[in-house]
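Q: Once you've had a glance at the structure underneath, I'll fire off some questions.
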Amino acid sequence: MGMTEYAAEQAEAFAANRQLDPDAAAHWREAVARHLRPRAGTRVLDLGAGTGTWARLFTDWYGIEMVAVEPSAEMRARSVFPGMLAGDAAALPLPDAYVDGAWISTVIHHVTDLGAAAAELRRVLRPGAPVLIRSAFAGRHEQITLFRYFPEAIRVLDGYPSVEQVRDTFTTAGFEFVALEQVPQVSAASLAQAVANLRRAAHTPLQLISDAAYAAGLDRMRTAARVAGPDATPVVDRLDLLVLRRDGMRDGMRDERSDEVRDGK
Ligand SMILES: C[S@@+](CC[C@H](N)C(=O)[O-])C[C@H]1O[C@@H](n2cnc3c(N)ncnc32)[C@H](O)[C@@H]1O
């Protein structure tokens with residue numbers, strides 16, 4: 001098990017509190033398309049798919065085939081995406097070279113053996129396929145609203161893998177670094193809505209602070225929401241998107257390569 005367990009309480013809270021609607025995630029739609037370059041026949045692994053939000057969004061947005069793998073039976077039971085597979089980052093129930101890309105959203109800090117996960121991902125990805133990691137990383141809390149009200153949670157975040165750790169682990173396993181960018185999303189229509197919908201069990205950093213620190217943060221957030229009033233602006237958070245690419249060449253590049261081989265280059 002990783003940092004927290006996705007038992008019934010966490011799964012219930014996650015299903016209730018952590019769903020992004022398609023409009024709120026519009027910037028993610030654009031960023032993912034830029035790196036994944038989805039087209040007819042593209043098949044993508046959603047690793048640690050949770051309650052299936054992203055697998056469903058990707059299917060709707062791009063019309064591609066999603067393969068969703070999730071270890072927690074409680075999360076799978078609440079999935080909005082049918083046909084989720086049981087499995088773990090270090091033991092994927094998929095054949096070799098099966099997928100054209102992998103999406104890993106807010107999962108990486110739960111993976112206990114990141115090296116084993118990177119090797120397993122390399123096995124199931126086709127040559128040249130991208131891995132898109134959406135996450136909060138150690139040291140990068142500034143653009144995430146909750147950390148403003150729950151500063152004790154920053155220490156928890158700092159126990160997550162850093163961008164450098166993840167990048168180095170993947171490059172050792174046969175990936176190359178492609179990009180790191182911060183992608184905005186509308187997490188709530190207002191701070192008042194954010195605090196009304198907040199479920200502690202849906203957020204690993206909030207579960208791992210003391211009850212007193214959580215209560216104090218909730219007070220700070222409620223006060224700020226009252227001060228902001230009814231005309232409050234939406235809550236916009238920016239999570240990181242780290243993109244890596246499996247070694248080898250993509251399908252589209254293979255033809256060019258065979259020409260080169262034929263021409264003796
Ligand atoms: C914060 S949730 C994110 C769910 C989903 N990816 C999303 O963004 O909505 C973290 C998920 O990672 C899963 N997880 C934990 N350890 C894992 C592992 N070793 N391999 C794959 N998934 C794992 C959990 O069961 C949980 O569903």
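Identifiers in the structure tokens: chain A, B, ... in order shown; residue index from 1 per chain; ligand index from 1 in order shown.
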Would you mind listing what lies within 8 Å of stretch 57-71 of chain A as a ChimeraX atom specification, with only C-alpha atoms counted and same-chain residues fewer than 4 positions away left out?

A: /A:22,29,38-50,52-53,75-76,83-88,92

Q: Please, which residues in chain A fall within 10 Å of ligand 1 when counting only C-alpha atoms and all ligand atoms, and what is the closest atom pair and distance in Å to one decimal for each, ordered by chain then residue number, as JSON lines?

A:
{"residue": "A:Met1", "atom": "CA", "partner": "ligand 1", "partner_atom_place_in_ligand_line": "16 (N)", "distance": 6.2}
{"residue": "A:Gly2", "atom": "CA", "partner": "ligand 1", "partner_atom_place_in_ligand_line": "16 (N)", "distance": 5.5}
{"residue": "A:Met3", "atom": "CA", "partner": "ligand 1", "partner_atom_place_in_ligand_line": "15 (C)", "distance": 8.1}
{"residue": "A:Thr4", "atom": "CA", "partner": "ligand 1", "partner_atom_place_in_ligand_line": "15 (C)", "distance": 7.9}
{"residue": "A:Glu5", "atom": "CA", "partner": "ligand 1", "partner_atom_place_in_ligand_line": "25 (O)", "distance": 7.1}
{"residue": "A:Tyr6", "atom": "CA", "partner": "ligand 1", "partner_atom_place_in_ligand_line": "25 (O)", "distance": 5.2}
{"residue": "A:Ala7", "atom": "CA", "partner": "ligand 1", "partner_atom_place_in_ligand_line": "25 (O)", "distance": 8.5}
{"residue": "A:Gln10", "atom": "CA", "partner": "ligand 1", "partner_atom_place_in_ligand_line": "26 (C)", "distance": 9.1}
{"residue": "A:Ala11", "atom": "CA", "partner": "ligand 1", "partner_atom_place_in_ligand_line": "27 (O)", "distance": 7.7}
{"residue": "A:Phe14", "atom": "CA", "partner": "ligand 1", "partner_atom_place_in_ligand_line": "2 (S)", "distance": 7.5}
{"residue": "A:Ala15", "atom": "CA", "partner": "ligand 1", "partner_atom_place_in_ligand_line": "9 (O)", "distance": 8.6}
{"residue": "A:Arg18", "atom": "CA", "partner": "ligand 1", "partner_atom_place_in_ligand_line": "9 (O)", "distance": 6.7}
{"residue": "A:Gln19", "atom": "CA", "partner": "ligand 1", "partner_atom_place_in_ligand_line": "9 (O)", "distance": 6.9}
{"residue": "A:Leu20", "atom": "CA", "partner": "ligand 1", "partner_atom_place_in_ligand_line": "9 (O)", "distance": 8.5}
{"residue": "A:Asp46", "atom": "CA", "partner": "ligand 1", "partner_atom_place_in_ligand_line": "6 (N)", "distance": 7.2}
{"residue": "A:Leu47", "atom": "CA", "partner": "ligand 1", "partner_atom_place_in_ligand_line": "21 (C)", "distance": 5.6}
{"residue": "A:Gly48", "atom": "CA", "partner": "ligand 1", "partner_atom_place_in_ligand_line": "22 (N)", "distance": 3.4}
{"residue": "A:Ala49", "atom": "CA", "partner": "ligand 1", "partner_atom_place_in_ligand_line": "6 (N)", "distance": 4.1}
{"residue": "A:Gly50", "atom": "CA", "partner": "ligand 1", "partner_atom_place_in_ligand_line": "27 (O)", "distance": 3.4}
{"residue": "A:Thr51", "atom": "CA", "partner": "ligand 1", "partner_atom_place_in_ligand_line": "9 (O)", "distance": 6.2}
{"residue": "A:Gly52", "atom": "CA", "partner": "ligand 1", "partner_atom_place_in_ligand_line": "9 (O)", "distance": 6.6}
{"residue": "A:Thr53", "atom": "CA", "partner": "ligand 1", "partner_atom_place_in_ligand_line": "9 (O)", "distance": 5.7}
{"residue": "A:Trp54", "atom": "CA", "partner": "ligand 1", "partner_atom_place_in_ligand_line": "9 (O)", "distance": 6.3}
{"residue": "A:Ala55", "atom": "CA", "partner": "ligand 1", "partner_atom_place_in_ligand_line": "6 (N)", "distance": 8.8}
{"residue": "A:Ala68", "atom": "CA", "partner": "ligand 1", "partner_atom_place_in_ligand_line": "6 (N)", "distance": 9.4}
{"residue": "A:Val69", "atom": "CA", "partner": "ligand 1", "partner_atom_place_in_ligand_line": "21 (C)", "distance": 7.1}
{"residue": "A:Glu70", "atom": "CA", "partner": "ligand 1", "partner_atom_place_in_ligand_line": "22 (N)", "distance": 5.3}
{"residue": "A:Pro71", "atom": "CA", "partner": "ligand 1", "partner_atom_place_in_ligand_line": "25 (O)", "distance": 5.3}
{"residue": "A:Ser72", "atom": "CA", "partner": "ligand 1", "partner_atom_place_in_ligand_line": "25 (O)", "distance": 4.6}
{"residue": "A:Ala73", "atom": "CA", "partner": "ligand 1", "partner_atom_place_in_ligand_line": "25 (O)", "distance": 8.2}
{"residue": "A:Glu74", "atom": "CA", "partner": "ligand 1", "partner_atom_place_in_ligand_line": "25 (O)", "distance": 8.4}
{"residue": "A:Met75", "atom": "CA", "partner": "ligand 1", "partner_atom_place_in_ligand_line": "27 (O)", "distance": 5.8}
{"residue": "A:Arg76", "atom": "CA", "partner": "ligand 1", "partner_atom_place_in_ligand_line": "27 (O)", "distance": 8.1}
{"residue": "A:Ser79", "atom": "CA", "partner": "ligand 1", "partner_atom_place_in_ligand_line": "27 (O)", "distance": 10.0}
{"residue": "A:Ala86", "atom": "CA", "partner": "ligand 1", "partner_atom_place_in_ligand_line": "21 (C)", "distance": 9.2}
{"residue": "A:Gly87", "atom": "CA", "partner": "ligand 1", "partner_atom_place_in_ligand_line": "21 (C)", "distance": 6.8}
{"residue": "A:Asp88", "atom": "CA", "partner": "ligand 1", "partner_atom_place_in_ligand_line": "20 (N)", "distance": 3.9}
{"residue": "A:Ala89", "atom": "CA", "partner": "ligand 1", "partner_atom_place_in_ligand_line": "20 (N)", "distance": 3.8}
{"residue": "A:Ala90", "atom": "CA", "partner": "ligand 1", "partner_atom_place_in_ligand_line": "19 (N)", "distance": 6.6}
{"residue": "A:Ala91", "atom": "CA", "partner": "ligand 1", "partner_atom_place_in_ligand_line": "20 (N)", "distance": 8.3}
{"residue": "A:Leu92", "atom": "CA", "partner": "ligand 1", "partner_atom_place_in_ligand_line": "20 (N)", "distance": 8.7}
{"residue": "A:Trp103", "atom": "CA", "partner": "ligand 1", "partner_atom_place_in_ligand_line": "6 (N)", "distance": 8.2}
{"residue": "A:Ile104", "atom": "CA", "partner": "ligand 1", "partner_atom_place_in_ligand_line": "6 (N)", "distance": 6.1}
{"residue": "A:Ser105", "atom": "CA", "partner": "ligand 1", "partner_atom_place_in_ligand_line": "6 (N)", "distance": 4.2}
{"residue": "A:Thr106", "atom": "CA", "partner": "ligand 1", "partner_atom_place_in_ligand_line": "3 (C)", "distance": 4.9}
{"residue": "A:Val107", "atom": "CA", "partner": "ligand 1", "partner_atom_place_in_ligand_line": "12 (O)", "distance": 4.3}
{"residue": "A:Ile108", "atom": "CA", "partner": "ligand 1", "partner_atom_place_in_ligand_line": "12 (O)", "distance": 7.6}
{"residue": "A:His109", "atom": "CA", "partner": "ligand 1", "partner_atom_place_in_ligand_line": "16 (N)", "distance": 8.0}
{"residue": "A:His110", "atom": "CA", "partner": "ligand 1", "partner_atom_place_in_ligand_line": "16 (N)", "distance": 4.5}
{"residue": "A:Val111", "atom": "CA", "partner": "ligand 1", "partner_atom_place_in_ligand_line": "19 (N)", "distance": 4.2}
{"residue": "A:Thr112", "atom": "CA", "partner": "ligand 1", "partner_atom_place_in_ligand_line": "19 (N)", "distance": 6.5}
{"residue": "A:Asp113", "atom": "CA", "partner": "ligand 1", "partner_atom_place_in_ligand_line": "19 (N)", "distance": 7.9}
{"residue": "A:Leu114", "atom": "CA", "partner": "ligand 1", "partner_atom_place_in_ligand_line": "19 (N)", "distance": 8.7}
{"residue": "A:Ala117", "atom": "CA", "partner": "ligand 1", "partner_atom_place_in_ligand_line": "20 (N)", "distance": 8.0}
{"residue": "A:Ile133", "atom": "CA", "partner": "ligand 1", "partner_atom_place_in_ligand_line": "6 (N)", "distance": 9.8}
{"residue": "A:Arg134", "atom": "CA", "partner": "ligand 1", "partner_atom_place_in_ligand_line": "8 (O)", "distance": 7.9}
{"residue": "A:Ser135", "atom": "CA", "partner": "ligand 1", "partner_atom_place_in_ligand_line": "8 (O)", "distance": 8.7}
{"residue": "A:Ala202", "atom": "CA", "partner": "ligand 1", "partner_atom_place_in_ligand_line": "1 (C)", "distance": 7.4}
{"residue": "A:His203", "atom": "CA", "partner": "ligand 1", "partner_atom_place_in_ligand_line": "1 (C)", "distance": 7.1}
{"residue": "A:Thr204", "atom": "CA", "partner": "ligand 1", "partner_atom_place_in_ligand_line": "1 (C)", "distance": 7.4}

Q: For A:Ala136, list every protein, DNA or RNA residue within 10 Å, evaluated using only C-alpha atoms, and leave out those in the same chain fewer than 2 positions away; present the list as a PyMOL selection string.

A: chain A and resi 105-109+133-134+138-141+143-144+157-158+160-163+182+238-241

Q: Save out the residues we just selected, C-alpha atoms, as a short mmCIF file (atom, residue, chain, number, x, y, z; two decimals), in the first residue's frame.

A:
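See out-v4.cif below for the written result:
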data_model
loop_
_atom_site.label_atom_id
_atom_site.label_comp_id
_atom_site.auth_asym_id
_atom_site.auth_seq_id
_atom_site.Cartn_x
_atom_site.Cartn_y
_atom_site.Cartn_z
CA SER A 105 -3.16 11.19 -12.52
CA THR A 106 -2.39 11.90 -8.84
CA VAL A 107 -1.10 8.35 -8.36
CA ILE A 108 2.69 8.58 -8.42
CA HIS A 109 3.05 9.29 -4.65
CA ILE A 133 1.99 12.21 -15.26
CA ARG A 134 -0.46 14.64 -13.67
CA ALA A 138 7.40 17.74 -3.64
CA GLY A 139 8.29 21.43 -3.35
CA ARG A 140 5.58 22.58 -5.77
CA HIS A 141 2.60 23.61 -3.62
CA GLN A 143 -0.32 26.95 -7.26
CA ILE A 144 -2.63 24.66 -5.27
CA LEU A 157 3.55 17.09 -0.04
CA ASP A 158 7.28 17.43 0.47
CA TYR A 160 5.95 13.01 -2.29
CA PRO A 161 8.41 12.20 -5.07
CA SER A 162 9.97 15.28 -6.67
CA VAL A 163 9.91 15.99 -10.41
CA GLN A 182 1.62 23.62 -15.10
CA ARG A 238 -2.42 24.40 -11.35
CA LEU A 239 -1.11 20.87 -11.17
CA ASP A 240 2.01 19.69 -12.96
CA LEU A 241 2.05 17.67 -16.13
#

Q: Report as number ranges by chain: the residues of stretch 36-96 of chain A with a DSSP assignment of alpha helix (DSSP H), based on the backbone of this structure.

A: A: 36, 53-62, 73-77

Q: Please, could you write that set of residues out with N, CA and C atoms as a PDB file, in the first residue's frame?

A:
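Result file is selection_25.pdb:
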ATOM      1  N   LEU A  36      -0.250  13.626 -26.451  1.00  0.00           N
ATOM      2  CA  LEU A  36      -0.696  12.254 -26.767  1.00  0.00           C
ATOM      3  C   LEU A  36      -0.932  12.076 -28.268  1.00  0.00           C
ATOM      4  N   THR A  53     -12.954   8.940 -13.792  1.00  0.00           N
ATOM      5  CA  THR A  53     -13.265  10.263 -14.371  1.00  0.00           C
ATOM      6  C   THR A  53     -12.482  10.533 -15.648  1.00  0.00           C
ATOM      7  N   TRP A  54     -11.160  10.306 -15.589  1.00  0.00           N
ATOM      8  CA  TRP A  54     -10.323  10.672 -16.739  1.00  0.00           C
ATOM      9  C   TRP A  54     -10.517   9.694 -17.885  1.00  0.00           C
ATOM     10  N   ALA A  55     -10.686   8.426 -17.573  1.00  0.00           N
ATOM     11  CA  ALA A  55     -10.909   7.442 -18.646  1.00  0.00           C
ATOM     12  C   ALA A  55     -12.168   7.829 -19.419  1.00  0.00           C
ATOM     13  N   ARG A  56     -13.198   8.259 -18.691  1.00  0.00           N
ATOM     14  CA  ARG A  56     -14.427   8.659 -19.377  1.00  0.00           C
ATOM     15  C   ARG A  56     -14.217   9.951 -20.168  1.00  0.00           C
ATOM     16  N   LEU A  57     -13.516  10.930 -19.564  1.00  0.00           N
ATOM     17  CA  LEU A  57     -13.264  12.190 -20.281  1.00  0.00           C
ATOM     18  C   LEU A  57     -12.470  11.945 -21.569  1.00  0.00           C
ATOM     19  N   PHE A  58     -11.417  11.131 -21.485  1.00  0.00           N
ATOM     20  CA  PHE A  58     -10.583  10.887 -22.677  1.00  0.00           C
ATOM     21  C   PHE A  58     -11.402  10.204 -23.781  1.00  0.00           C
ATOM     22  N   THR A  59     -12.280   9.285 -23.372  1.00  0.00           N
ATOM     23  CA  THR A  59     -13.118   8.597 -24.364  1.00  0.00           C
ATOM     24  C   THR A  59     -14.029   9.614 -25.049  1.00  0.00           C
ATOM     25  N   ASP A  60     -14.648  10.496 -24.227  1.00  0.00           N
ATOM     26  CA  ASP A  60     -15.563  11.498 -24.786  1.00  0.00           C
ATOM     27  C   ASP A  60     -14.808  12.528 -25.629  1.00  0.00           C
ATOM     28  N   TRP A  61     -13.672  13.010 -25.115  1.00  0.00           N
ATOM     29  CA  TRP A  61     -12.933  14.074 -25.805  1.00  0.00           C
ATOM     30  C   TRP A  61     -12.326  13.599 -27.122  1.00  0.00           C
ATOM     31  N   TYR A  62     -11.664  12.432 -27.082  1.00  0.00           N
ATOM     32  CA  TYR A  62     -10.824  12.048 -28.218  1.00  0.00           C
ATOM     33  C   TYR A  62     -11.349  10.837 -28.998  1.00  0.00           C
ATOM     34  N   ALA A  73     -10.600  -2.180  -4.992  1.00  0.00           N
ATOM     35  CA  ALA A  73     -11.935  -2.682  -5.364  1.00  0.00           C
ATOM     36  C   ALA A  73     -12.998  -1.636  -5.021  1.00  0.00           C
ATOM     37  N   GLU A  74     -12.764  -0.859  -3.961  1.00  0.00           N
ATOM     38  CA  GLU A  74     -13.750   0.164  -3.563  1.00  0.00           C
ATOM     39  C   GLU A  74     -13.819   1.281  -4.607  1.00  0.00           C
ATOM     40  N   MET A  75     -12.688   1.649  -5.179  1.00  0.00           N
ATOM     41  CA  MET A  75     -12.688   2.667  -6.239  1.00  0.00           C
ATOM     42  C   MET A  75     -13.347   2.085  -7.499  1.00  0.00           C
ATOM     43  N   ARG A  76     -12.965   0.881  -7.854  1.00  0.00           N
ATOM     44  CA  ARG A  76     -13.536   0.259  -9.070  1.00  0.00           C
ATOM     45  C   ARG A  76     -15.059   0.154  -8.951  1.00  0.00           C
ATOM     46  N   ALA A  77     -15.526  -0.129  -7.732  1.00  0.00           N
ATOM     47  CA  ALA A  77     -16.971  -0.303  -7.530  1.00  0.00           C
ATOM     48  C   ALA A  77     -17.737   1.004  -7.761  1.00  0.00           C
TER      49      ALA A  77
END

Q: Within 9 Å of stretch 166-170 of chain A, counting only C-alpha atoms, which residues show up once you throw out same-chain ones fewer than 2 positions away? Write them as a PyMOL selection string, please.

A: chain A and resi 108+114-115+118-119+161-164+172-177+242-244+246

Q: Which value, in Å to one decimal, gives the distance between atom CA of A:Gly248 and atom CA of A:Arg126?

A: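 Between atom CA of A:Gly248 and atom CA of A:Arg126 the gap is 8.2 Å.
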
Q: What parts of stretch 144-229 of chain A does DSSP call strand (DSSP E or B)? I'd like the answer as a list of chain:residue names.

A: A:Phe175, A:Glu176, A:Phe177, A:Val178, A:Ala179, A:Leu180, A:Glu181, A:Gln182, A:Val183, A:Pro184, A:Gln185, A:Val186, A:Ser187, A:Ala188

Q: Take the residues that were just selected and, keeping N, CA and C atoms, output them as a compact mmCIF listing (two decimals), in the first residue's frame.

A:
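Saved to result-v2.txt:
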# COMPACT_ATOMS: atom_id res chain seq x y z
N PHE A 175 13.26 5.83 -20.56
CA PHE A 175 12.40 6.90 -21.06
C PHE A 175 13.25 8.16 -21.24
N GLU A 176 12.75 9.08 -22.07
CA GLU A 176 13.40 10.38 -22.13
C GLU A 176 12.43 11.46 -21.67
N PHE A 177 13.00 12.52 -21.09
CA PHE A 177 12.18 13.64 -20.62
C PHE A 177 11.66 14.42 -21.82
N VAL A 178 10.37 14.78 -21.80
CA VAL A 178 9.80 15.58 -22.90
C VAL A 178 9.42 16.98 -22.43
N ALA A 179 8.68 17.09 -21.32
CA ALA A 179 8.18 18.41 -20.91
C ALA A 179 7.70 18.40 -19.47
N LEU A 180 7.72 19.59 -18.89
CA LEU A 180 7.07 19.82 -17.58
C LEU A 180 6.30 21.12 -17.72
N GLU A 181 5.00 21.06 -17.47
CA GLU A 181 4.22 22.30 -17.53
C GLU A 181 3.17 22.31 -16.43
N GLN A 182 2.69 23.50 -16.09
CA GLN A 182 1.62 23.62 -15.10
C GLN A 182 0.32 23.90 -15.83
N VAL A 183 -0.68 23.10 -15.54
CA VAL A 183 -1.94 23.19 -16.30
C VAL A 183 -3.04 23.67 -15.35
N PRO A 184 -3.73 24.77 -15.71
CA PRO A 184 -4.79 25.26 -14.82
C PRO A 184 -6.08 24.47 -14.94
N GLN A 185 -6.83 24.43 -13.86
CA GLN A 185 -8.15 23.80 -13.85
C GLN A 185 -9.04 24.57 -12.88
N VAL A 186 -10.32 24.59 -13.15
CA VAL A 186 -11.27 25.22 -12.23
C VAL A 186 -11.70 24.16 -11.23
N SER A 187 -11.18 24.26 -10.00
CA SER A 187 -11.48 23.23 -9.00
C SER A 187 -12.83 23.45 -8.33
N ALA A 188 -13.31 24.71 -8.29
CA ALA A 188 -14.63 25.01 -7.72
C ALA A 188 -15.08 26.36 -8.24

Q: Smallest atom-to-atom distance to A:Arg155: which of A:Val124, A:Ala228, A:Ala194, A:Leu208, using only C-alpha atoms?

A: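 Of A:Val124, A:Ala228, A:Ala194, A:Leu208, the one nearest A:Arg155 is A:Leu208, counting only C-alpha atoms.
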